[in-house]
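What follows is one structure encoded as structure tokens, with my remarks underneath.
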Amino acid sequence: MAHGIEAKSVELRTAFLSRMAKFAVDRPRLVVTIFLAITALALTYLLLNIRITTDPVQVMPNTPAKVGLSLLIGYFRNYDYSTAYLVIYGNKTAALALLNAIKGGQDYVINAALSYNGSDMYIITATVNQQSLSDKLIPIYLSLREVANEVAREYGTKVLIGGSPADKYYFVLGFEREYYGLIIYVMIAINIVILTIYMRSVMIPLRLVATVLMSITWSLALTIFVFQGLMGGIQTYWLMPVILISLLLSVGTDYDLFIVSRFREEINNGLSDKDAIVRAVEVTGGPVVTGAALVLAMAFASLALSSIYILKQVALAVAHQ
């Protein structure tokens, strides 16, 4: 009885996929138009609504530890402070000018002091009014760098910035600049090159990568809609898109490759392009790709049981994909 129900389920799933494949090959322009429209809407929603945070506390549930941190910040303001260090080489006049500029014109500076270690370096220790995990440390660093650059140009000296603002800036924005400015393009290029060699085609790899990127856009947009829209403004941790893009780009291309490989086999067996597509979806898309995708989806969906929002976000995005 159980085997009969399972067989019937597989048969229904295969029949559904077959009908969808036939619809797609009969109306390719309509299908492409619909998919492009959905992608454009998802991308627009994503760009207009995504709110990124670099503070892990913001994406944590209201545990006793988070409540305690809120109490410390609310009632013991010194706990909310962090420290920036500015090093000036060999020019006391420049060091004093920078100290005055920081103390006099920057409202985020609680206090600042100049020290000299007997070498050619002067060190300004500035206490700023944000804790070491805060998103606001990034604009504080940018402000400090602007002031430091002005003094460095005026006095012809060198100024370095360290401490919590610099750590936050370079850890987050430095990595993002590398990832979104270089690494993501290298990943896409490597995928296309490998697929081109394997498939002996240029257009198929481009189509594979393009459709996977479209699907990633949908997943991210859905995740933003659920967590920032339906769940009351839960922000997106800055590493979440990085994790999802890297994971889904590889997995999505891999699953798509199964169907394309079967399509080429059916072409070699003498079927027409349309019949080969439908046959590939029937034979490989149902039992193989759908089964593998369900295993992956269920494995990641278990992360939704966690109380940590970033894991819930990953669970939703990967399971949806």
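Numbering starts fresh at 1 for the residues of each chain in the structure tokens, the chains themselves are lettered A, B, ... in the order given, and ligands are numbered from 1 as they appear.
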
Among region 56-203 of chain A, which residues does DSSP mark as strand (DSSP E or B) when it is run on the backbone? Keep the chain and numbering as in the structure and answer as a PyMOL selection string.
chain A and resi 82-89+109-116+121-128+159-163

Considering only helix (DSSP H, G or I) as DSSP defines it on the backbone, what residues of region 43-231 of chain A qualify? List them as an MDAnalysis selection string.
chainID A and resid 43:49 56:59 64:75 77:80 92:105 137:155 164:199 203:230

Using only C-alpha atoms, determine which residues lie at most 7 Å from region 58-68 of chain A, disregarding the query and same-chain residues fewer than 4 positions distant; provide the list as a PyMOL selection string.
chain A and resi 72+234-235+237+307-310

I need the chosen residues saved as a short mmCIF file (atom, residue, chain, number, x, y, z; two decimals), in the first residue's frame, with C-alpha atoms.
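Resulting contents of result.cif:
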```
data_model
loop_
_atom_site.label_atom_id
_atom_site.label_comp_id
_atom_site.auth_asym_id
_atom_site.auth_seq_id
_atom_site.Cartn_x
_atom_site.Cartn_y
_atom_site.Cartn_z
CA LEU A 72 23.84 47.92 30.46
CA ILE A 234 14.29 42.12 11.46
CA GLN A 235 17.36 43.34 9.59
CA TYR A 237 22.99 40.37 8.73
CA SER A 307 16.36 31.07 17.73
CA ILE A 308 19.09 32.97 15.82
CA TYR A 309 17.56 34.99 13.01
CA ILE A 310 20.45 34.71 10.57
#
```

Write out as a ChimeraX atom specification each polymer residue whose atoms come within 10 Å of Tyr116 (chain A), counting only C-alpha atoms; drop sequence neighbours fewer than 6 positions from it.
/A:87-88,92,95,122-124

Which polymer residues have any atom within 12 Å of an atom of region 192-202 of chain A, counting only C-alpha atoms, with same-chain residues fewer than 4 positions away left out, as a list in words?
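The residues satisfying every condition are Tyr185, Val186, Met187, Ile188, Leu206, Arg207, Leu208, Val209, Ala210, Leu249, Ser250, Thr253, Asp254, Asp256, Leu257, Phe258, Val260, Ser261, Arg262, Phe263, Arg264 and Glu265 of chain A.
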
Resulting file, chosen residues, N, CA and C atoms, as a PDB file, in the first residue's frame:
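Okay, selection-v9.pdb is ready:
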```
ATOM      1  N   TYR A 185      32.520  37.917  -9.165  1.00  0.00           N
ATOM      2  CA  TYR A 185      32.729  37.823 -10.609  1.00  0.00           C
ATOM      3  C   TYR A 185      33.670  36.668 -10.961  1.00  0.00           C
ATOM      4  N   VAL A 186      34.632  36.422 -10.092  1.00  0.00           N
ATOM      5  CA  VAL A 186      35.524  35.274 -10.306  1.00  0.00           C
ATOM      6  C   VAL A 186      34.735  33.973 -10.212  1.00  0.00           C
ATOM      7  N   MET A 187      33.817  33.867  -9.223  1.00  0.00           N
ATOM      8  CA  MET A 187      32.988  32.667  -9.089  1.00  0.00           C
ATOM      9  C   MET A 187      32.148  32.436 -10.341  1.00  0.00           C
ATOM     10  N   ILE A 188      31.511  33.503 -10.814  1.00  0.00           N
ATOM     11  CA  ILE A 188      30.665  33.375 -12.003  1.00  0.00           C
ATOM     12  C   ILE A 188      31.508  32.986 -13.215  1.00  0.00           C
ATOM     13  N   LEU A 206      25.888  30.305 -20.135  1.00  0.00           N
ATOM     14  CA  LEU A 206      25.366  31.638 -19.841  1.00  0.00           C
ATOM     15  C   LEU A 206      23.915  31.560 -19.385  1.00  0.00           C
ATOM     16  N   ARG A 207      23.134  30.712 -20.035  1.00  0.00           N
ATOM     17  CA  ARG A 207      21.743  30.535 -19.640  1.00  0.00           C
ATOM     18  C   ARG A 207      21.639  29.923 -18.256  1.00  0.00           C
ATOM     19  N   LEU A 208      22.489  28.926 -17.974  1.00  0.00           N
ATOM     20  CA  LEU A 208      22.479  28.280 -16.661  1.00  0.00           C
ATOM     21  C   LEU A 208      22.743  29.289 -15.547  1.00  0.00           C
ATOM     22  N   VAL A 209      23.825  30.050 -15.695  1.00  0.00           N
ATOM     23  CA  VAL A 209      24.207  31.003 -14.653  1.00  0.00           C
ATOM     24  C   VAL A 209      23.152  32.100 -14.522  1.00  0.00           C
ATOM     25  N   ALA A 210      22.612  32.569 -15.640  1.00  0.00           N
ATOM     26  CA  ALA A 210      21.605  33.635 -15.595  1.00  0.00           C
ATOM     27  C   ALA A 210      20.355  33.194 -14.845  1.00  0.00           C
ATOM     28  N   LEU A 249      24.653  29.639  -5.899  1.00  0.00           N
ATOM     29  CA  LEU A 249      25.228  29.689  -7.240  1.00  0.00           C
ATOM     30  C   LEU A 249      25.810  28.334  -7.633  1.00  0.00           C
ATOM     31  N   SER A 250      26.472  27.697  -6.686  1.00  0.00           N
ATOM     32  CA  SER A 250      27.073  26.392  -6.983  1.00  0.00           C
ATOM     33  C   SER A 250      26.016  25.291  -7.029  1.00  0.00           C
ATOM     34  N   THR A 253      23.474  25.734 -10.057  1.00  0.00           N
ATOM     35  CA  THR A 253      24.091  25.356 -11.328  1.00  0.00           C
ATOM     36  C   THR A 253      24.259  23.852 -11.419  1.00  0.00           C
ATOM     37  N   ASP A 254      24.614  23.222 -10.313  1.00  0.00           N
ATOM     38  CA  ASP A 254      24.821  21.774 -10.276  1.00  0.00           C
ATOM     39  C   ASP A 254      23.535  21.027 -10.628  1.00  0.00           C
ATOM     40  N   ASP A 256      20.866  22.201 -12.188  1.00  0.00           N
ATOM     41  CA  ASP A 256      20.474  22.512 -13.559  1.00  0.00           C
ATOM     42  C   ASP A 256      21.294  21.702 -14.556  1.00  0.00           C
ATOM     43  N   LEU A 257      22.541  21.448 -14.204  1.00  0.00           N
ATOM     44  CA  LEU A 257      23.431  20.701 -15.089  1.00  0.00           C
ATOM     45  C   LEU A 257      22.930  19.277 -15.325  1.00  0.00           C
ATOM     46  N   PHE A 258      22.290  18.673 -14.308  1.00  0.00           N
ATOM     47  CA  PHE A 258      21.752  17.315 -14.472  1.00  0.00           C
ATOM     48  C   PHE A 258      20.740  17.272 -15.618  1.00  0.00           C
ATOM     49  N   VAL A 260      20.321  19.513 -18.100  1.00  0.00           N
ATOM     50  CA  VAL A 260      20.928  19.852 -19.382  1.00  0.00           C
ATOM     51  C   VAL A 260      21.718  18.668 -19.948  1.00  0.00           C
ATOM     52  N   SER A 261      22.413  17.944 -19.073  1.00  0.00           N
ATOM     53  CA  SER A 261      23.161  16.772 -19.532  1.00  0.00           C
ATOM     54  C   SER A 261      22.212  15.718 -20.102  1.00  0.00           C
ATOM     55  N   ARG A 262      21.081  15.516 -19.428  1.00  0.00           N
ATOM     56  CA  ARG A 262      20.102  14.562 -19.944  1.00  0.00           C
ATOM     57  C   ARG A 262      19.508  15.057 -21.261  1.00  0.00           C
ATOM     58  N   PHE A 263      19.301  16.350 -21.378  1.00  0.00           N
ATOM     59  CA  PHE A 263      18.795  16.930 -22.626  1.00  0.00           C
ATOM     60  C   PHE A 263      19.741  16.629 -23.784  1.00  0.00           C
ATOM     61  N   ARG A 264      21.040  16.791 -23.564  1.00  0.00           N
ATOM     62  CA  ARG A 264      22.012  16.505 -24.626  1.00  0.00           C
ATOM     63  C   ARG A 264      22.006  15.028 -24.998  1.00  0.00           C
ATOM     64  N   GLU A 265      21.829  14.167 -24.007  1.00  0.00           N
ATOM     65  CA  GLU A 265      21.751  12.728 -24.294  1.00  0.00           C
ATOM     66  C   GLU A 265      20.553  12.419 -25.186  1.00  0.00           C
TER      67      GLU A 265
END
```

Expressed in Å to a single decimal, how great is the separation between CA of Asn191 (chain A) and CA of Val318 (chain A)?
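For CA of Asn191 (chain A) relative to CA of Val318 (chain A), the distance reads 19.6 Å.
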
Quick check, in Å to one decimal: how far apart do CA of Val212 (chain A) and CA of Phe35 (chain A) lie?
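Separation between CA of Val212 (chain A) and CA of Phe35 (chain A): 11.8 Å.
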
Need the shell around region 106-114 of chain A: protein/DNA/RNA residues with any atom at most 10 Å away, counting only C-alpha atoms. Skip same-chain ones fewer than 6 positions apart. Format as a PyMOL selection string?
chain A and resi 78+81-87+92+95-96+98-100+122-130+136-137+140+143-144+147

Using only C-alpha atoms, which residues of region 181-261 of chain A come within 12 Å of region 164-174 of chain A, and what is the closest atom pair for each, with the distance in Å to one decimal? Give it as JSON lines, sorted by chain and residue number.
```
{"residue": "A:Gly181", "atom": "CA", "partner": "A:Gly174", "partner_atom": "CA", "distance": 10.3}
{"residue": "A:Leu182", "atom": "CA", "partner": "A:Gly174", "partner_atom": "CA", "distance": 11.7}
{"residue": "A:Tyr237", "atom": "CA", "partner": "A:Val172", "partner_atom": "CA", "distance": 11.0}
{"residue": "A:Trp238", "atom": "CA", "partner": "A:Val172", "partner_atom": "CA", "distance": 8.0}
{"residue": "A:Leu239", "atom": "CA", "partner": "A:Val172", "partner_atom": "CA", "distance": 9.0}
{"residue": "A:Val242", "atom": "CA", "partner": "A:Val172", "partner_atom": "CA", "distance": 11.7}
```

Would you mind telling me which residue in A:Tyr45, A:Glu282, A:Leu220, A:Leu271 lies nearest to Val314 (chain A) when using only C-alpha atoms?
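Of A:Tyr45, A:Glu282, A:Leu220, A:Leu271, the one nearest Val314 (chain A), counting only C-alpha atoms, is A:Leu220.
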
At a cut-off of 9 Å, using only C-alpha atoms, what residues contact Trp218 (chain A)? Leave out same-chain residues fewer than 4 positions from it and give the result as a PyMOL selection string.
chain A and resi 38-39+42-43+46+213-214+222-223+317+320-321

Counting only C-alpha atoms, which residue out of A:Leu305, A:Leu311, A:Asp80, A:Asn269 sits closest to Leu133 (chain A)?
A:Asp80
